[in-house]
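Inspection log for the structure reproduced underneath, given as structure tokens.
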Amino acid sequence: MQRSRGLRLFVGRGILSLCLLAVGMAFCFWPRPQLNVILITLGTTRADRIGCYGYQPAQTPALDALARRGALFERAYSSVPLTLPAHATIFTSLYPPEHGLHVDGTNRLGSDIPVLAEFLKVANYDTGAFLSAFALNAKFGLNRGFDIYDDALTASNIEGSDSQRRDGVSVMDAALGWLKARRARPFFCWIHFSDPHFPYDARPETFGDTFTERPYDAGIAYADLQVGRLTEFLQSHELSERTLIVVVGDHGEGLMEHGELQHGMQLYNSTLHVPLIVAGPDFIQPGVRPAVPVSHVDVAPTILCSLGIGPLQTRYRGTPLIPALAGHEIRPRVFHIETHLPFAKKREAALVGLVTAGWKYIPGAHPELYNLERDPGETNNVVTTETSQFKKFADWFRRGQFNMEPHNAPVAHLTSAEALILRREEPAAAGSAGDADRPLSDAPPNAQ
């Protein structure tokens with residue numbers, strides 16, 4: 001009797017999952033008025049340093065307001081804690097081995113790999129990008145499909161001679177200037193902020209002494225001010241209900257958890273757990289907070305399906321999160337995570353792993369397994385106590401269940417001045433600024 005009941009429950013859940021999938025796919029192709037899209041990527045931003053994610057000292061009213069009127073994903077993960085490869089995954093819905101970008105600044109995205117903006121351009125969208133970091137320069141291949149790709153770094157818009165980043169005000173000024181132009185077609189606007197990036201700035205000219213003891217939080221608060229300028233513009237121009245807003249972090253920051261000050265050398269949640277907020281149209285249930293893990297690979301399919309364009313290629317790793325936006329459950333999946341920076345910086349082994357509902361597994365000479373439900377800070381490696389889980393993940397990983405075909409990305413050729421800007425942007429290997437002057441070389445394409 002118990003077995004029969006369990007079988008009925010299993011079958012029932014399976015039918016429900018299939019129904020939700022069918023609803024989501026039907027939504028992708030259901031005709032609807034064309035929506036505008038704004039994609040905001042928050043550089044170096046931890047989810048747990050934002051108010052709507054539970055951080056009480058935060059000053060993030062604009063992001064908190066978006067979360068209240070939209071969907072906040074509690075467990076969104078970056079596939080790689082580095083700027084360029086993380087954004088490549090956001091724009092292609094492919095993991096780093098599949099798009100070929102593993103670290104910043106050494107390679108460019110191949111022209112054979114389509115990106116989100118190209119699909120939107122074909123769908124008759126005006127497209128503009130406004131960026132704050134050289135790691136996203138057009139030389140690295142994410143500019144395809146954009147009418148305007150504002151990646152300029154000049155003496156007038158770089159925030160300090162040692163920082164080599166565009167200030168958030170400069171980025172938002174440029175974006176709003178473009179958005180204010182009258183247009184007959186819908187728009188796709190990508191805005192990127194780097195204000196929380198190291199070296200941290202308490203910004204006393206803006207916040208007084210509020211962030212003197214926690215300057216990293218000042219960078220997030222400063223970026224939030226710019227998001228507030230954007231939402232005010234959309235409201236004043238009656239665009240809020242016709243504009244899909246997606247806010248996602250590219251990666252987090254170590255802040256000395258697990259001994260890592262910055263990012264890129266480890267695969268812990270301090271640098272992989274990122275904010276993901278989707279707001280705007282009425283098909284999103286206000287205030288919904290899906291707890292199932294999701295990934296950067298889900299961003300592009302979700303945007304396209306929200307617009308009724310649908311998934312345009314079978315190579316997508318991600319899935320549209322449409323049911324979750326409406327408050328329905330979606331099935332848990334397994335996601336690839338990696339960083340090749342240990343090889344690029346120190347010739348140590350690249351790190352790869354997986355994250356799924358409740359667990360993170362990092363194989364290697366000293367394998368790591370964490371129960372994320374009981375131990376979100378990843379302080380207790382349970383390889384020796386959770387032997388069945390360890391064996392399951394180790395066997396799954398050994399069989400190559402991600403089934404990825406490694407892609408060799410073309411080399412990016414930089415001038416000496418560009419290489420200098422990039423080196424100043426790079427995270428130091430051990431959190432010290434001295435290592436940032438060492439040139440990078442990417443890990444071997446098949447490093448595992």
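Residues are referred to by chain and number: the chain letter is A, B, ... according to the order shown in the structure tokens, the number counts from 1 in that chain, and ligands are numbered separately from 1 in the order shown.
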
Show me, as a ChimeraX atom specification, the residues that have an atom within 9 Å of stretch 284-295 of chain A when counting only C-alpha atoms, minus same-chain residues fewer than 3 positions from it. /A:66-79,90,278-281,298-299,318,321-322,324-335,355-358

To test your reading of the structure, identify every residue in stretch 256-286 of chain A that backbone DSSP assigns to alpha helix (DSSP H), and report it as a ChimeraX atom specification. /A:269-272

Using the selection just defined, write its residues with N, CA and C atoms as a PDB file, in the first residue's frame.
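What landed in selection.pdb:
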```pdb
ATOM      1  N   ASN A 269      30.034  30.141  -1.914  1.00  0.00           N
ATOM      2  CA  ASN A 269      28.870  30.992  -2.144  1.00  0.00           C
ATOM      3  C   ASN A 269      29.178  32.474  -1.999  1.00  0.00           C
ATOM      4  N   SER A 270      30.221  32.811  -1.259  1.00  0.00           N
ATOM      5  CA  SER A 270      30.581  34.219  -1.116  1.00  0.00           C
ATOM      6  C   SER A 270      30.827  34.872  -2.465  1.00  0.00           C
ATOM      7  N   THR A 271      31.286  34.102  -3.450  1.00  0.00           N
ATOM      8  CA  THR A 271      31.536  34.676  -4.779  1.00  0.00           C
ATOM      9  C   THR A 271      30.623  34.114  -5.865  1.00  0.00           C
ATOM     10  N   LEU A 272      29.816  33.098  -5.545  1.00  0.00           N
ATOM     11  CA  LEU A 272      28.935  32.507  -6.562  1.00  0.00           C
ATOM     12  C   LEU A 272      27.457  32.811  -6.349  1.00  0.00           C
TER      13      LEU A 272
END
```

Using only C-alpha atoms, which residues sit within 10 Å of stretch 213-226 of chain A once same-chain residues fewer than 5 positions away are excluded, as a PyMOL selection string? chain A and resi 42-46+49-50+57-64+167-173+192-204+206-207+231-232+253+255

So that I can check the surroundings of stretch 141-151 of chain A, please list as a ChimeraX atom specification every protein, DNA and RNA residue that reaches within 10 Å of it, counting only C-alpha atoms and ignoring chain neighbours fewer than 2 positions away. /A:84,87-88,91-92,107-111,113-122,125-139,153-154,166,171,174-175,178,188-192,410,412

Expected file: the selected residues, N, CA and C atoms, as a short mmCIF file (atom, residue, chain, number, x, y, z; two decimals), in the first residue's frame:
```
data_model
loop_
_atom_site.label_atom_id
_atom_site.label_comp_id
_atom_site.auth_asym_id
_atom_site.auth_seq_id
_atom_site.Cartn_x
_atom_site.Cartn_y
_atom_site.Cartn_z
N LEU A 84 34.06 38.69 -17.38
CA LEU A 84 33.79 38.37 -18.78
C LEU A 84 33.14 37.00 -18.96
N HIS A 87 29.48 37.07 -17.78
CA HIS A 87 28.57 37.75 -18.70
C HIS A 87 28.38 36.97 -20.00
N ALA A 88 29.41 36.27 -20.45
CA ALA A 88 29.27 35.44 -21.63
C ALA A 88 28.22 34.35 -21.39
N PHE A 91 24.73 35.92 -21.54
CA PHE A 91 24.29 36.29 -22.89
C PHE A 91 24.16 35.12 -23.85
N THR A 92 24.78 33.98 -23.54
CA THR A 92 24.70 32.83 -24.45
C THR A 92 23.94 31.64 -23.89
N ASN A 107 40.72 35.93 -24.25
CA ASN A 107 40.01 35.44 -25.44
C ASN A 107 38.76 36.26 -25.69
N ARG A 108 38.21 36.11 -26.88
CA ARG A 108 36.96 36.76 -27.23
C ARG A 108 35.93 35.71 -27.64
N LEU A 109 34.68 36.04 -27.49
CA LEU A 109 33.62 35.11 -27.85
C LEU A 109 33.62 34.88 -29.36
N GLY A 110 33.59 33.62 -29.76
CA GLY A 110 33.59 33.29 -31.17
C GLY A 110 32.33 33.77 -31.88
N SER A 111 32.47 34.19 -33.13
CA SER A 111 31.32 34.71 -33.89
C SER A 111 30.30 33.64 -34.22
N ILE A 113 28.96 31.73 -32.03
CA ILE A 113 28.10 31.55 -30.87
C ILE A 113 27.15 32.74 -30.76
N PRO A 114 25.85 32.56 -31.00
CA PRO A 114 24.92 33.69 -30.97
C PRO A 114 24.72 34.22 -29.55
N VAL A 115 24.44 35.52 -29.45
CA VAL A 115 24.22 36.15 -28.16
C VAL A 115 22.84 36.78 -28.11
N LEU A 116 22.38 37.06 -26.92
CA LEU A 116 21.03 37.56 -26.69
C LEU A 116 20.68 38.77 -27.54
N ALA A 117 21.58 39.74 -27.61
CA ALA A 117 21.26 40.98 -28.33
C ALA A 117 21.02 40.72 -29.82
N GLU A 118 21.68 39.72 -30.38
CA GLU A 118 21.46 39.41 -31.80
C GLU A 118 20.04 38.93 -32.03
N PHE A 119 19.53 38.10 -31.14
CA PHE A 119 18.15 37.64 -31.29
C PHE A 119 17.17 38.81 -31.21
N LEU A 120 17.43 39.74 -30.26
CA LEU A 120 16.53 40.87 -30.10
C LEU A 120 16.63 41.84 -31.27
N LYS A 121 17.81 41.96 -31.84
CA LYS A 121 17.96 42.82 -33.01
C LYS A 121 17.14 42.27 -34.18
N VAL A 122 17.19 40.96 -34.37
CA VAL A 122 16.39 40.33 -35.43
C VAL A 122 14.90 40.54 -35.17
N TYR A 125 14.30 45.12 -32.27
CA TYR A 125 14.56 45.92 -31.08
C TYR A 125 15.69 46.91 -31.35
N ASP A 126 15.56 48.12 -30.79
CA ASP A 126 16.71 49.01 -30.65
C ASP A 126 17.55 48.48 -29.50
N THR A 127 18.85 48.46 -29.66
CA THR A 127 19.70 47.81 -28.66
C THR A 127 20.86 48.73 -28.27
N GLY A 128 21.06 48.89 -26.96
CA GLY A 128 22.15 49.71 -26.47
C GLY A 128 22.76 49.10 -25.22
N ALA A 129 24.10 49.23 -25.07
CA ALA A 129 24.81 48.73 -23.91
C ALA A 129 25.67 49.84 -23.33
N PHE A 130 25.72 49.94 -21.98
CA PHE A 130 26.44 51.00 -21.29
C PHE A 130 27.20 50.36 -20.13
N LEU A 131 28.52 50.34 -20.26
CA LEU A 131 29.33 49.45 -19.45
C LEU A 131 30.37 50.22 -18.65
N SER A 132 30.83 49.61 -17.56
CA SER A 132 31.70 50.31 -16.63
C SER A 132 33.07 49.66 -16.46
N ALA A 133 33.33 48.51 -17.11
CA ALA A 133 34.59 47.80 -16.88
C ALA A 133 35.21 47.38 -18.21
N PHE A 134 36.52 47.49 -18.32
CA PHE A 134 37.20 47.12 -19.56
C PHE A 134 37.07 45.64 -19.86
N ALA A 135 36.85 44.80 -18.86
CA ALA A 135 36.70 43.37 -19.09
C ALA A 135 35.55 43.06 -20.04
N LEU A 136 34.63 44.03 -20.25
CA LEU A 136 33.50 43.85 -21.16
C LEU A 136 33.66 44.65 -22.44
N ASN A 137 34.88 45.07 -22.74
CA ASN A 137 35.17 45.83 -23.95
C ASN A 137 34.72 45.06 -25.19
N ALA A 138 34.40 45.80 -26.25
CA ALA A 138 33.93 45.18 -27.49
C ALA A 138 34.92 44.16 -28.04
N LYS A 139 36.20 44.31 -27.70
CA LYS A 139 37.20 43.37 -28.22
C LYS A 139 36.94 41.94 -27.76
N LEU A 153 36.40 54.00 -21.88
CA LEU A 153 37.07 54.33 -20.63
C LEU A 153 38.06 55.45 -20.95
N THR A 154 37.73 56.66 -20.49
CA THR A 154 38.59 57.79 -20.76
C THR A 154 38.93 58.49 -19.45
N ARG A 166 34.44 52.94 -14.79
CA ARG A 166 33.52 54.06 -14.96
C ARG A 166 32.62 54.15 -13.75
N VAL A 171 27.81 56.00 -16.15
CA VAL A 171 27.15 54.93 -16.91
C VAL A 171 25.65 55.23 -17.04
N ALA A 174 24.78 58.09 -19.44
CA ALA A 174 24.82 57.66 -20.84
C ALA A 174 23.60 56.82 -21.20
N ALA A 175 23.21 55.91 -20.31
CA ALA A 175 22.06 55.05 -20.58
C ALA A 175 20.77 55.87 -20.68
N TRP A 178 20.41 57.77 -23.89
CA TRP A 178 19.96 56.92 -25.01
C TRP A 178 18.49 56.57 -24.87
N PHE A 188 16.07 47.24 -26.04
CA PHE A 188 16.81 46.38 -25.11
C PHE A 188 18.03 47.18 -24.66
N CYS A 189 18.11 47.42 -23.37
CA CYS A 189 19.18 48.22 -22.80
C CYS A 189 19.91 47.42 -21.73
N TRP A 190 21.22 47.24 -21.92
CA TRP A 190 22.06 46.56 -20.94
C TRP A 190 22.90 47.61 -20.21
N ILE A 191 22.81 47.61 -18.88
CA ILE A 191 23.55 48.56 -18.05
C ILE A 191 24.38 47.77 -17.04
N HIS A 192 25.67 48.07 -16.97
CA HIS A 192 26.57 47.35 -16.08
C HIS A 192 27.23 48.32 -15.11
N PRO A 410 38.61 32.36 -29.82
CA PRO A 410 39.73 33.07 -30.45
C PRO A 410 40.47 33.96 -29.45
N ALA A 412 42.10 37.25 -27.95
CA ALA A 412 41.83 38.69 -28.00
C ALA A 412 43.16 39.43 -27.99
#
```

Please report the interatomic distance between atom CA of A:Asn408 and atom CA of A:Val103 in Å with one decimal.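 Between atom CA of A:Asn408 and atom CA of A:Val103 the gap works out to 12.9 Å.
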